[in-house]
$ cat query_13.cif   # mmCIF, N, CA and C atoms
data_final
#
loop_
_atom_site.label_atom_id
_atom_site.label_comp_id
_atom_site.auth_asym_id
_atom_site.auth_seq_id
_atom_site.Cartn_x
_atom_site.Cartn_y
_atom_site.Cartn_z
N MET A 1 -90.26 -23.21 -8.10
CA MET A 1 -89.76 -22.42 -6.99
C MET A 1 -89.58 -20.96 -7.38
N LEU A 2 -88.94 -20.75 -8.52
CA LEU A 2 -88.66 -19.38 -8.95
C LEU A 2 -89.95 -18.62 -9.22
N LYS A 3 -90.93 -19.30 -9.84
CA LYS A 3 -92.23 -18.66 -10.12
C LYS A 3 -92.92 -18.24 -8.82
N LYS A 4 -92.87 -19.10 -7.81
CA LYS A 4 -93.47 -18.78 -6.51
C LYS A 4 -92.81 -17.52 -5.94
N PHE A 5 -91.50 -17.47 -6.01
CA PHE A 5 -90.73 -16.33 -5.52
C PHE A 5 -91.12 -15.05 -6.27
N GLU A 6 -91.13 -15.13 -7.61
CA GLU A 6 -91.45 -13.96 -8.43
C GLU A 6 -92.88 -13.47 -8.17
N THR A 7 -93.81 -14.40 -8.08
CA THR A 7 -95.21 -14.05 -7.82
C THR A 7 -95.36 -13.38 -6.46
N GLU A 8 -94.73 -13.98 -5.47
CA GLU A 8 -94.79 -13.42 -4.11
C GLU A 8 -94.22 -12.00 -4.09
N LEU A 9 -93.13 -11.81 -4.77
CA LEU A 9 -92.46 -10.50 -4.77
C LEU A 9 -93.27 -9.46 -5.53
N GLN A 10 -93.94 -9.87 -6.59
CA GLN A 10 -94.71 -8.91 -7.38
C GLN A 10 -96.09 -8.61 -6.79
N ASN A 11 -96.68 -9.58 -6.12
CA ASN A 11 -98.07 -9.43 -5.68
C ASN A 11 -98.26 -9.14 -4.20
N SER A 12 -97.24 -9.34 -3.41
CA SER A 12 -97.39 -9.19 -1.96
C SER A 12 -97.28 -7.72 -1.56
N GLU A 13 -98.22 -7.30 -0.73
CA GLU A 13 -98.16 -5.93 -0.19
C GLU A 13 -96.91 -5.74 0.65
N GLU A 14 -96.48 -6.82 1.29
CA GLU A 14 -95.30 -6.74 2.15
C GLU A 14 -94.06 -6.30 1.38
N TRP A 15 -93.97 -6.68 0.09
CA TRP A 15 -92.77 -6.38 -0.70
C TRP A 15 -93.03 -5.36 -1.80
N GLU A 16 -94.16 -4.64 -1.72
CA GLU A 16 -94.52 -3.81 -2.87
C GLU A 16 -93.66 -2.55 -3.04
N SER A 17 -93.09 -2.02 -1.99
CA SER A 17 -92.33 -0.78 -2.15
C SER A 17 -90.99 -1.02 -2.85
N LYS A 18 -90.63 -0.05 -3.69
CA LYS A 18 -89.36 -0.13 -4.42
C LYS A 18 -88.18 -0.11 -3.44
N GLU A 19 -88.34 0.64 -2.37
CA GLU A 19 -87.30 0.74 -1.34
C GLU A 19 -87.02 -0.62 -0.71
N LYS A 20 -88.08 -1.35 -0.41
CA LYS A 20 -87.91 -2.66 0.22
C LYS A 20 -87.28 -3.65 -0.77
N LYS A 21 -87.65 -3.56 -2.05
CA LYS A 21 -87.04 -4.43 -3.06
C LYS A 21 -85.55 -4.10 -3.22
N ARG A 22 -85.23 -2.82 -3.11
CA ARG A 22 -83.82 -2.40 -3.18
C ARG A 22 -83.03 -3.00 -2.01
N LYS A 23 -83.62 -2.97 -0.82
CA LYS A 23 -82.97 -3.56 0.35
C LYS A 23 -82.81 -5.07 0.17
N LEU A 24 -83.84 -5.71 -0.38
CA LEU A 24 -83.78 -7.15 -0.65
C LEU A 24 -82.62 -7.45 -1.59
N TYR A 25 -82.47 -6.63 -2.63
CA TYR A 25 -81.37 -6.81 -3.58
C TYR A 25 -80.01 -6.71 -2.88
N ILE A 26 -79.85 -5.73 -2.02
CA ILE A 26 -78.58 -5.54 -1.31
C ILE A 26 -78.28 -6.74 -0.41
N VAL A 27 -79.31 -7.22 0.31
CA VAL A 27 -79.11 -8.38 1.18
C VAL A 27 -78.74 -9.60 0.32
N MET A 28 -79.42 -9.78 -0.81
CA MET A 28 -79.10 -10.93 -1.68
C MET A 28 -77.70 -10.82 -2.26
N LYS A 29 -77.28 -9.58 -2.58
CA LYS A 29 -75.92 -9.37 -3.11
C LYS A 29 -74.89 -9.79 -2.07
N HIS A 30 -75.10 -9.38 -0.82
CA HIS A 30 -74.17 -9.77 0.25
C HIS A 30 -74.24 -11.27 0.51
N LEU A 31 -75.44 -11.82 0.44
CA LEU A 31 -75.60 -13.26 0.65
C LEU A 31 -74.84 -14.04 -0.43
N LYS A 32 -74.92 -13.55 -1.66
CA LYS A 32 -74.20 -14.19 -2.77
C LYS A 32 -72.69 -14.20 -2.48
N SER A 33 -72.17 -13.09 -1.97
CA SER A 33 -70.75 -13.02 -1.61
C SER A 33 -70.43 -13.92 -0.42
N ALA A 34 -71.35 -13.99 0.52
CA ALA A 34 -71.13 -14.75 1.75
C ALA A 34 -71.21 -16.26 1.54
N MET A 35 -71.85 -16.69 0.46
CA MET A 35 -72.06 -18.12 0.23
C MET A 35 -70.75 -18.92 0.27
N SER A 36 -69.68 -18.31 -0.19
CA SER A 36 -68.40 -19.03 -0.21
C SER A 36 -67.84 -19.28 1.19
N LEU A 37 -68.35 -18.57 2.19
CA LEU A 37 -67.86 -18.72 3.55
C LEU A 37 -68.75 -19.59 4.43
N ILE A 38 -69.79 -20.15 3.83
CA ILE A 38 -70.78 -20.87 4.63
C ILE A 38 -70.19 -22.07 5.36
N SER A 39 -69.09 -22.60 4.87
CA SER A 39 -68.49 -23.75 5.55
C SER A 39 -67.76 -23.35 6.84
N SER A 40 -67.67 -22.05 7.11
CA SER A 40 -67.01 -21.60 8.34
C SER A 40 -67.85 -21.98 9.56
N ASN A 41 -67.33 -21.70 10.73
CA ASN A 41 -68.04 -22.10 11.95
C ASN A 41 -69.03 -21.04 12.45
N LYS A 42 -69.38 -20.08 11.59
CA LYS A 42 -70.39 -19.08 11.94
C LYS A 42 -71.69 -19.43 11.24
N SER A 43 -72.78 -18.97 11.81
CA SER A 43 -74.07 -19.15 11.13
C SER A 43 -74.12 -18.24 9.90
N THR A 44 -74.97 -18.60 8.96
CA THR A 44 -75.14 -17.76 7.77
C THR A 44 -75.61 -16.37 8.16
N GLU A 45 -76.49 -16.30 9.17
CA GLU A 45 -76.97 -14.99 9.63
C GLU A 45 -75.81 -14.10 10.06
N GLN A 46 -74.85 -14.69 10.79
CA GLN A 46 -73.71 -13.91 11.28
C GLN A 46 -72.78 -13.51 10.13
N ILE A 47 -72.54 -14.45 9.22
CA ILE A 47 -71.68 -14.14 8.06
C ILE A 47 -72.31 -13.01 7.23
N LEU A 48 -73.62 -13.13 6.98
CA LEU A 48 -74.33 -12.10 6.21
C LEU A 48 -74.25 -10.75 6.92
N TRP A 49 -74.49 -10.76 8.23
CA TRP A 49 -74.45 -9.49 8.96
C TRP A 49 -73.05 -8.88 8.95
N ASP A 50 -72.01 -9.71 8.99
CA ASP A 50 -70.63 -9.22 8.88
C ASP A 50 -70.43 -8.49 7.55
N TYR A 51 -70.95 -9.06 6.47
CA TYR A 51 -70.86 -8.40 5.16
C TYR A 51 -71.60 -7.07 5.16
N ILE A 52 -72.82 -7.08 5.67
CA ILE A 52 -73.63 -5.86 5.69
C ILE A 52 -72.92 -4.77 6.50
N THR A 53 -72.34 -5.15 7.62
CA THR A 53 -71.63 -4.19 8.48
C THR A 53 -70.37 -3.68 7.81
N ASN A 54 -69.60 -4.57 7.20
CA ASN A 54 -68.34 -4.17 6.55
C ASN A 54 -68.56 -3.21 5.38
N TYR A 55 -69.71 -3.32 4.73
CA TYR A 55 -70.01 -2.42 3.62
C TYR A 55 -70.82 -1.21 4.04
N GLN A 56 -70.90 -0.96 5.34
CA GLN A 56 -71.64 0.16 5.92
C GLN A 56 -73.11 0.17 5.52
N ASP A 57 -73.63 -0.96 5.12
CA ASP A 57 -75.05 -1.02 4.78
C ASP A 57 -75.92 -1.18 6.02
N SER A 58 -75.29 -1.34 7.19
CA SER A 58 -76.08 -1.51 8.41
C SER A 58 -76.78 -0.20 8.78
N GLU A 59 -76.35 0.92 8.18
CA GLU A 59 -77.06 2.18 8.40
C GLU A 59 -78.37 2.18 7.63
N TYR A 60 -78.43 1.36 6.59
CA TYR A 60 -79.58 1.30 5.68
C TYR A 60 -80.45 0.07 5.94
N ILE A 61 -79.81 -1.03 6.32
CA ILE A 61 -80.49 -2.30 6.54
C ILE A 61 -80.23 -2.75 7.98
N ASP A 62 -81.30 -2.97 8.73
CA ASP A 62 -81.10 -3.45 10.09
C ASP A 62 -81.11 -4.97 10.13
N ARG A 63 -80.66 -5.49 11.24
CA ARG A 63 -80.49 -6.94 11.36
C ARG A 63 -81.80 -7.69 11.23
N SER A 64 -82.88 -7.13 11.75
CA SER A 64 -84.16 -7.83 11.65
C SER A 64 -84.61 -7.94 10.20
N PHE A 65 -84.30 -6.92 9.38
CA PHE A 65 -84.64 -7.01 7.96
C PHE A 65 -83.82 -8.10 7.28
N ALA A 66 -82.54 -8.19 7.64
CA ALA A 66 -81.68 -9.23 7.06
C ALA A 66 -82.20 -10.62 7.43
N ASP A 67 -82.58 -10.79 8.69
CA ASP A 67 -83.13 -12.08 9.13
C ASP A 67 -84.47 -12.38 8.45
N GLU A 68 -85.29 -11.35 8.31
CA GLU A 68 -86.59 -11.49 7.62
C GLU A 68 -86.37 -11.91 6.16
N THR A 69 -85.34 -11.35 5.54
CA THR A 69 -85.04 -11.68 4.15
C THR A 69 -84.59 -13.13 4.03
N LEU A 70 -83.74 -13.60 4.94
CA LEU A 70 -83.33 -15.00 4.93
C LEU A 70 -84.54 -15.92 5.06
N LYS A 71 -85.45 -15.54 5.96
CA LYS A 71 -86.67 -16.34 6.17
C LYS A 71 -87.51 -16.36 4.89
N PHE A 72 -87.68 -15.20 4.26
CA PHE A 72 -88.46 -15.09 3.02
C PHE A 72 -87.83 -15.93 1.91
N LEU A 73 -86.51 -15.83 1.75
CA LEU A 73 -85.82 -16.60 0.71
C LEU A 73 -85.92 -18.10 0.97
N SER A 74 -85.88 -18.45 2.23
CA SER A 74 -85.99 -19.86 2.62
C SER A 74 -87.40 -20.39 2.35
N GLU A 75 -88.41 -19.62 2.75
CA GLU A 75 -89.80 -20.03 2.53
C GLU A 75 -90.13 -20.09 1.05
N SER A 76 -89.46 -19.28 0.25
CA SER A 76 -89.69 -19.26 -1.19
C SER A 76 -88.92 -20.36 -1.92
N GLY A 77 -88.02 -21.04 -1.21
CA GLY A 77 -87.23 -22.10 -1.82
C GLY A 77 -85.99 -21.61 -2.57
N ILE A 78 -85.65 -20.35 -2.42
CA ILE A 78 -84.48 -19.78 -3.12
C ILE A 78 -83.19 -20.15 -2.39
N ILE A 79 -83.28 -20.31 -1.10
CA ILE A 79 -82.19 -20.90 -0.32
C ILE A 79 -82.80 -22.00 0.54
N TYR A 80 -81.98 -22.93 0.96
CA TYR A 80 -82.48 -23.97 1.87
C TYR A 80 -81.55 -24.03 3.06
N SER A 81 -82.11 -24.40 4.20
CA SER A 81 -81.31 -24.37 5.41
C SER A 81 -80.93 -25.76 5.87
N THR A 82 -79.78 -25.82 6.47
CA THR A 82 -79.30 -27.05 7.13
C THR A 82 -78.74 -26.64 8.48
N VAL A 83 -78.60 -27.58 9.35
CA VAL A 83 -77.99 -27.31 10.65
C VAL A 83 -76.68 -28.07 10.70
N ALA A 84 -75.61 -27.36 10.99
CA ALA A 84 -74.28 -27.97 11.06
C ALA A 84 -74.10 -28.58 12.44
N LEU A 85 -74.15 -29.89 12.51
CA LEU A 85 -73.94 -30.58 13.79
C LEU A 85 -72.46 -30.81 14.01
N PRO A 86 -71.93 -30.90 15.20
CA PRO A 86 -72.67 -30.89 16.47
C PRO A 86 -72.92 -29.48 17.01
N SER A 87 -72.47 -28.47 16.30
CA SER A 87 -72.55 -27.12 16.87
C SER A 87 -73.92 -26.47 16.74
N GLU A 88 -74.84 -27.10 16.01
CA GLU A 88 -76.20 -26.56 15.85
C GLU A 88 -76.21 -25.18 15.19
N ILE A 89 -75.26 -24.95 14.33
CA ILE A 89 -75.22 -23.66 13.61
C ILE A 89 -76.04 -23.79 12.34
N LYS A 90 -76.97 -22.87 12.17
CA LYS A 90 -77.81 -22.91 10.98
C LYS A 90 -77.05 -22.36 9.78
N LYS A 91 -77.11 -23.11 8.69
CA LYS A 91 -76.47 -22.68 7.44
C LYS A 91 -77.53 -22.61 6.36
N TYR A 92 -77.43 -21.62 5.51
CA TYR A 92 -78.30 -21.53 4.34
C TYR A 92 -77.46 -21.76 3.11
N HIS A 93 -78.01 -22.48 2.16
CA HIS A 93 -77.31 -22.78 0.91
C HIS A 93 -78.19 -22.35 -0.26
N PRO A 94 -77.58 -21.92 -1.35
CA PRO A 94 -78.39 -21.48 -2.49
C PRO A 94 -79.06 -22.66 -3.18
N SER A 95 -80.29 -22.45 -3.63
CA SER A 95 -80.92 -23.46 -4.48
C SER A 95 -80.42 -23.21 -5.91
N ASN A 96 -80.82 -24.05 -6.82
CA ASN A 96 -80.44 -23.85 -8.23
C ASN A 96 -81.02 -22.56 -8.80
N ASP A 97 -82.04 -22.03 -8.15
CA ASP A 97 -82.71 -20.82 -8.65
C ASP A 97 -82.15 -19.53 -8.07
N PHE A 98 -81.15 -19.62 -7.21
CA PHE A 98 -80.68 -18.41 -6.53
C PHE A 98 -80.21 -17.34 -7.52
N ASP A 99 -79.37 -17.71 -8.48
CA ASP A 99 -78.84 -16.71 -9.43
C ASP A 99 -79.95 -16.07 -10.25
N GLU A 100 -80.93 -16.88 -10.67
CA GLU A 100 -82.06 -16.33 -11.44
C GLU A 100 -82.90 -15.40 -10.57
N ALA A 101 -83.10 -15.78 -9.31
CA ALA A 101 -83.87 -14.92 -8.40
C ALA A 101 -83.14 -13.61 -8.16
N PHE A 102 -81.82 -13.69 -8.05
CA PHE A 102 -80.99 -12.50 -7.85
C PHE A 102 -81.15 -11.54 -9.04
N LYS A 103 -81.08 -12.10 -10.26
CA LYS A 103 -81.23 -11.28 -11.47
C LYS A 103 -82.62 -10.66 -11.53
N PHE A 104 -83.62 -11.43 -11.14
CA PHE A 104 -85.00 -10.96 -11.15
C PHE A 104 -85.15 -9.75 -10.22
N VAL A 105 -84.61 -9.86 -9.01
CA VAL A 105 -84.70 -8.75 -8.04
C VAL A 105 -83.92 -7.53 -8.55
N GLU A 106 -82.75 -7.79 -9.12
CA GLU A 106 -81.93 -6.71 -9.66
C GLU A 106 -82.70 -5.92 -10.73
N ASN A 107 -83.44 -6.63 -11.57
CA ASN A 107 -84.21 -5.98 -12.62
C ASN A 107 -85.40 -5.18 -12.08
N LEU A 108 -85.87 -5.54 -10.88
CA LEU A 108 -86.98 -4.80 -10.27
C LEU A 108 -86.53 -3.46 -9.66
N CYS A 109 -85.23 -3.36 -9.39
CA CYS A 109 -84.71 -2.17 -8.70
C CYS A 109 -84.43 -1.02 -9.67
#
$ encode --input "query_13.cif" --output "structure tokens"
Amino acid sequence: MLKKFETELQNSEEWESKEKKRKLYIVMKHLKSAMSLISSNKSTEQILWDYITNYQDSEYIDRSFADETLKFLSESGIIYSTVALPSEIKKYHPSNDFDEAFKFVENLC
């Protein structure tokens, strides 16, 4: 999983700019902080956006980028999603590789 993530991040034109990798790092940093609140009744997207807004990073990172990052991390296997029934709230949880992926992105910035 981690190798797929690293390869995608290093070789994809979509993620090639240093600026975009920096934004990815910030979103992952907030996601790492938000993970402890995932059991709340809000979706992970909402919890993450609350963090981004509270740290005034919403001037730098827009909501669509945050959602795109969650999708990318999910497709890469760095986080996995579940749906909290009966409320149908989507939750993302870290995989075992999340911390390593976080360090990898941090080193790219």
$ resolve_selection --input "query_13.cif" --expression "the PyMOL selection byres ((chain A and resi 38-51) around 8)" --output "list in words"
Val27, His30, Leu31, Ser33, Ala34, Met35, Ser36, Leu37, Ile52, Thr53, Asn54, Tyr55, Gln56, Asp57, Ser58, Arg63, Ala66, Asp67, Leu70, Glu88, Ile89, Lys90, Lys91, Tyr92 and His93 of chain A
$ write_last_selection --input "query_13.cif" --atoms "N, CA and C atoms" --output "tab-separated table (two decimals), keeping the file's coordinate frame"
chain	number	residue	atom	x	y	z
A	27	VAL	N	-79.31	-7.22	0.31
A	27	VAL	CA	-79.11	-8.38	1.18
A	27	VAL	C	-78.74	-9.60	0.32
A	30	HIS	N	-75.10	-9.38	-0.82
A	30	HIS	CA	-74.17	-9.77	0.25
A	30	HIS	C	-74.24	-11.27	0.51
A	31	LEU	N	-75.44	-11.82	0.44
A	31	LEU	CA	-75.60	-13.26	0.65
A	31	LEU	C	-74.84	-14.04	-0.43
A	33	SER	N	-72.17	-13.09	-1.97
A	33	SER	CA	-70.75	-13.02	-1.61
A	33	SER	C	-70.43	-13.92	-0.42
A	34	ALA	N	-71.35	-13.99	0.52
A	34	ALA	CA	-71.13	-14.75	1.75
A	34	ALA	C	-71.21	-16.26	1.54
A	35	MET	N	-71.85	-16.69	0.46
A	35	MET	CA	-72.06	-18.12	0.23
A	35	MET	C	-70.75	-18.92	0.27
A	36	SER	N	-69.68	-18.31	-0.19
A	36	SER	CA	-68.40	-19.03	-0.21
A	36	SER	C	-67.84	-19.28	1.19
A	37	LEU	N	-68.35	-18.57	2.19
A	37	LEU	CA	-67.86	-18.72	3.55
A	37	LEU	C	-68.75	-19.59	4.43
A	52	ILE	N	-72.82	-7.08	5.67
A	52	ILE	CA	-73.63	-5.86	5.69
A	52	ILE	C	-72.92	-4.77	6.50
A	53	THR	N	-72.34	-5.15	7.62
A	53	THR	CA	-71.63	-4.19	8.48
A	53	THR	C	-70.37	-3.68	7.81
A	54	ASN	N	-69.60	-4.57	7.20
A	54	ASN	CA	-68.34	-4.17	6.55
A	54	ASN	C	-68.56	-3.21	5.38
A	55	TYR	N	-69.71	-3.32	4.73
A	55	TYR	CA	-70.01	-2.42	3.62
A	55	TYR	C	-70.82	-1.21	4.04
A	56	GLN	N	-70.90	-0.96	5.34
A	56	GLN	CA	-71.64	0.16	5.92
A	56	GLN	C	-73.11	0.17	5.52
A	57	ASP	N	-73.63	-0.96	5.12
A	57	ASP	CA	-75.05	-1.02	4.78
A	57	ASP	C	-75.92	-1.18	6.02
A	58	SER	N	-75.29	-1.34	7.19
A	58	SER	CA	-76.08	-1.51	8.41
A	58	SER	C	-76.78	-0.20	8.78
A	63	ARG	N	-80.66	-5.49	11.24
A	63	ARG	CA	-80.49	-6.94	11.36
A	63	ARG	C	-81.80	-7.69	11.23
A	66	ALA	N	-82.54	-8.19	7.64
A	66	ALA	CA	-81.68	-9.23	7.06
A	66	ALA	C	-82.20	-10.62	7.43
A	67	ASP	N	-82.58	-10.79	8.69
A	67	ASP	CA	-83.13	-12.08	9.13
A	67	ASP	C	-84.47	-12.38	8.45
A	70	LEU	N	-83.74	-13.60	4.94
A	70	LEU	CA	-83.33	-15.00	4.93
A	70	LEU	C	-84.54	-15.92	5.06
A	88	GLU	N	-74.84	-27.10	16.01
A	88	GLU	CA	-76.20	-26.56	15.85
A	88	GLU	C	-76.21	-25.18	15.19
A	89	ILE	N	-75.26	-24.95	14.33
A	89	ILE	CA	-75.22	-23.66	13.61
A	89	ILE	C	-76.04	-23.79	12.34
A	90	LYS	N	-76.97	-22.87	12.17
A	90	LYS	CA	-77.81	-22.91	10.98
A	90	LYS	C	-77.05	-22.36	9.78
A	91	LYS	N	-77.11	-23.11	8.69
A	91	LYS	CA	-76.47	-22.68	7.44
A	91	LYS	C	-77.53	-22.61	6.36
A	92	TYR	N	-77.43	-21.62	5.51
A	92	TYR	CA	-78.30	-21.53	4.34
A	92	TYR	C	-77.46	-21.76	3.11
A	93	HIS	N	-78.01	-22.48	2.16
A	93	HIS	CA	-77.31	-22.78	0.91
A	93	HIS	C	-78.19	-22.35	-0.26
$ closest_residue --input "query_13.cif" --among "A:Tyr60, A:Tyr80, A:Trp15, A:Phe65" --to "Phe98 of chain A" --atoms "only C-alpha atoms"
A:Tyr80
$ select_by_dssp --input "query_13.cif" --residues "chain A" --states "alpha helix (DSSP H)" --output "number ranges by chain"
A: 2-11, 18-34, 44-54, 63-75, 98-108
$ atom_distance --input "query_13.cif" --atom1 "atom N of Met1 of chain A" --atom2 "atom N of Val83 of chain A"
21.4 Å
$ residues_around --input "query_13.cif" --residues "Lys4 of chain A" --least-positions-apart "6" --cutoff "8 Å" --atoms "all atoms listed in the file" --output "PDB file with N, CA and C atoms, in the frame of the given file"
ATOM      1  N   GLN A  10     -93.940  -9.870  -6.590  1.00  0.00           N
ATOM      2  CA  GLN A  10     -94.710  -8.910  -7.380  1.00  0.00           C
ATOM      3  C   GLN A  10     -96.090  -8.610  -6.790  1.00  0.00           C
ATOM      4  N   GLU A  75     -88.410 -19.620   2.750  1.00  0.00           N
ATOM      5  CA  GLU A  75     -89.800 -20.030   2.530  1.00  0.00           C
ATOM      6  C   GLU A  75     -90.130 -20.090   1.050  1.00  0.00           C
ATOM      7  N   SER A  76     -89.460 -19.280   0.250  1.00  0.00           N
ATOM      8  CA  SER A  76     -89.690 -19.260  -1.190  1.00  0.00           C
ATOM      9  C   SER A  76     -88.920 -20.360  -1.920  1.00  0.00           C
ATOM     10  N   GLY A  77     -88.020 -21.040  -1.210  1.00  0.00           N
ATOM     11  CA  GLY A  77     -87.230 -22.100  -1.820  1.00  0.00           C
ATOM     12  C   GLY A  77     -85.990 -21.610  -2.570  1.00  0.00           C
TER      13      GLY A  77
END
$ closest_residue --input "query_13.cif" --among "A:Lys32, A:Glu19, A:Ile79, A:Pro94" --to "Cys109 of chain A" --atoms "all atoms listed in the file"
A:Glu19
$ atom_distance --input "query_13.cif" --atom1 "atom CA of Val105 of chain A" --atom2 "atom N of Tyr25 of chain A"
6.2 Å
$ decode --input "query_13.cif" --residues "segment 69-80 of chain A" --atoms "N, CA, C and O atoms" --output "mmCIF file, in the first residue's frame"
data_model
loop_
_atom_site.group_PDB
_atom_site.id
_atom_site.type_symbol
_atom_site.label_atom_id
_atom_site.label_comp_id
_atom_site.auth_asym_id
_atom_site.auth_seq_id
_atom_site.Cartn_x
_atom_site.Cartn_y
_atom_site.Cartn_z
ATOM 1 N N THR A 69 -8.198 15.147 -1.605
ATOM 2 C CA THR A 69 -7.121 14.502 -0.851
ATOM 3 C C THR A 69 -7.635 13.266 -0.120
ATOM 4 O O THR A 69 -6.972 12.217 -0.124
ATOM 5 N N LEU A 70 -8.808 13.359 0.498
ATOM 6 C CA LEU A 70 -9.398 12.192 1.158
ATOM 7 C C LEU A 70 -9.611 11.063 0.156
ATOM 8 O O LEU A 70 -9.316 9.902 0.440
ATOM 9 N N LYS A 71 -10.096 11.427 -1.024
ATOM 10 C CA LYS A 71 -10.328 10.424 -2.075
ATOM 11 C C LYS A 71 -9.003 9.778 -2.491
ATOM 12 O O LYS A 71 -8.911 8.561 -2.628
ATOM 13 N N PHE A 72 -7.972 10.590 -2.692
ATOM 14 C CA PHE A 72 -6.653 10.096 -3.084
ATOM 15 C C PHE A 72 -6.077 9.167 -2.010
ATOM 16 O O PHE A 72 -5.566 8.082 -2.306
ATOM 17 N N LEU A 73 -6.168 9.579 -0.745
ATOM 18 C CA LEU A 73 -5.648 8.752 0.349
ATOM 19 C C LEU A 73 -6.418 7.444 0.461
ATOM 20 O O LEU A 73 -5.846 6.394 0.748
ATOM 21 N N SER A 74 -7.702 7.517 0.209
ATOM 22 C CA SER A 74 -8.548 6.322 0.259
ATOM 23 C C SER A 74 -8.206 5.361 -0.889
ATOM 24 O O SER A 74 -8.040 4.162 -0.683
ATOM 25 N N GLU A 75 -8.084 5.904 -2.090
ATOM 26 C CA GLU A 75 -7.747 5.075 -3.253
ATOM 27 C C GLU A 75 -6.356 4.473 -3.128
ATOM 28 O O GLU A 75 -6.090 3.394 -3.665
ATOM 29 N N SER A 76 -5.474 5.163 -2.417
ATOM 30 C CA SER A 76 -4.107 4.667 -2.225
ATOM 31 C C SER A 76 -4.015 3.657 -1.079
ATOM 32 O O SER A 76 -2.961 3.076 -0.854
ATOM 33 N N GLY A 77 -5.088 3.510 -0.308
ATOM 34 C CA GLY A 77 -5.088 2.579 0.811
ATOM 35 C C GLY A 77 -4.488 3.141 2.098
ATOM 36 O O GLY A 77 -4.262 2.408 3.056
ATOM 37 N N ILE A 78 -4.226 4.435 2.133
ATOM 38 C CA ILE A 78 -3.625 5.058 3.322
ATOM 39 C C ILE A 78 -4.690 5.308 4.390
ATOM 40 O O ILE A 78 -4.402 5.316 5.581
ATOM 41 N N ILE A 79 -5.903 5.533 3.962
ATOM 42 C CA ILE A 79 -7.044 5.541 4.877
ATOM 43 C C ILE A 79 -8.106 4.634 4.263
ATOM 44 O O ILE A 79 -8.080 4.363 3.066
ATOM 45 N N TYR A 80 -9.001 4.143 5.086
ATOM 46 C CA TYR A 80 -10.102 3.340 4.550
ATOM 47 C C TYR A 80 -11.400 3.908 5.089
ATOM 48 O O TYR A 80 -11.440 4.496 6.163
#
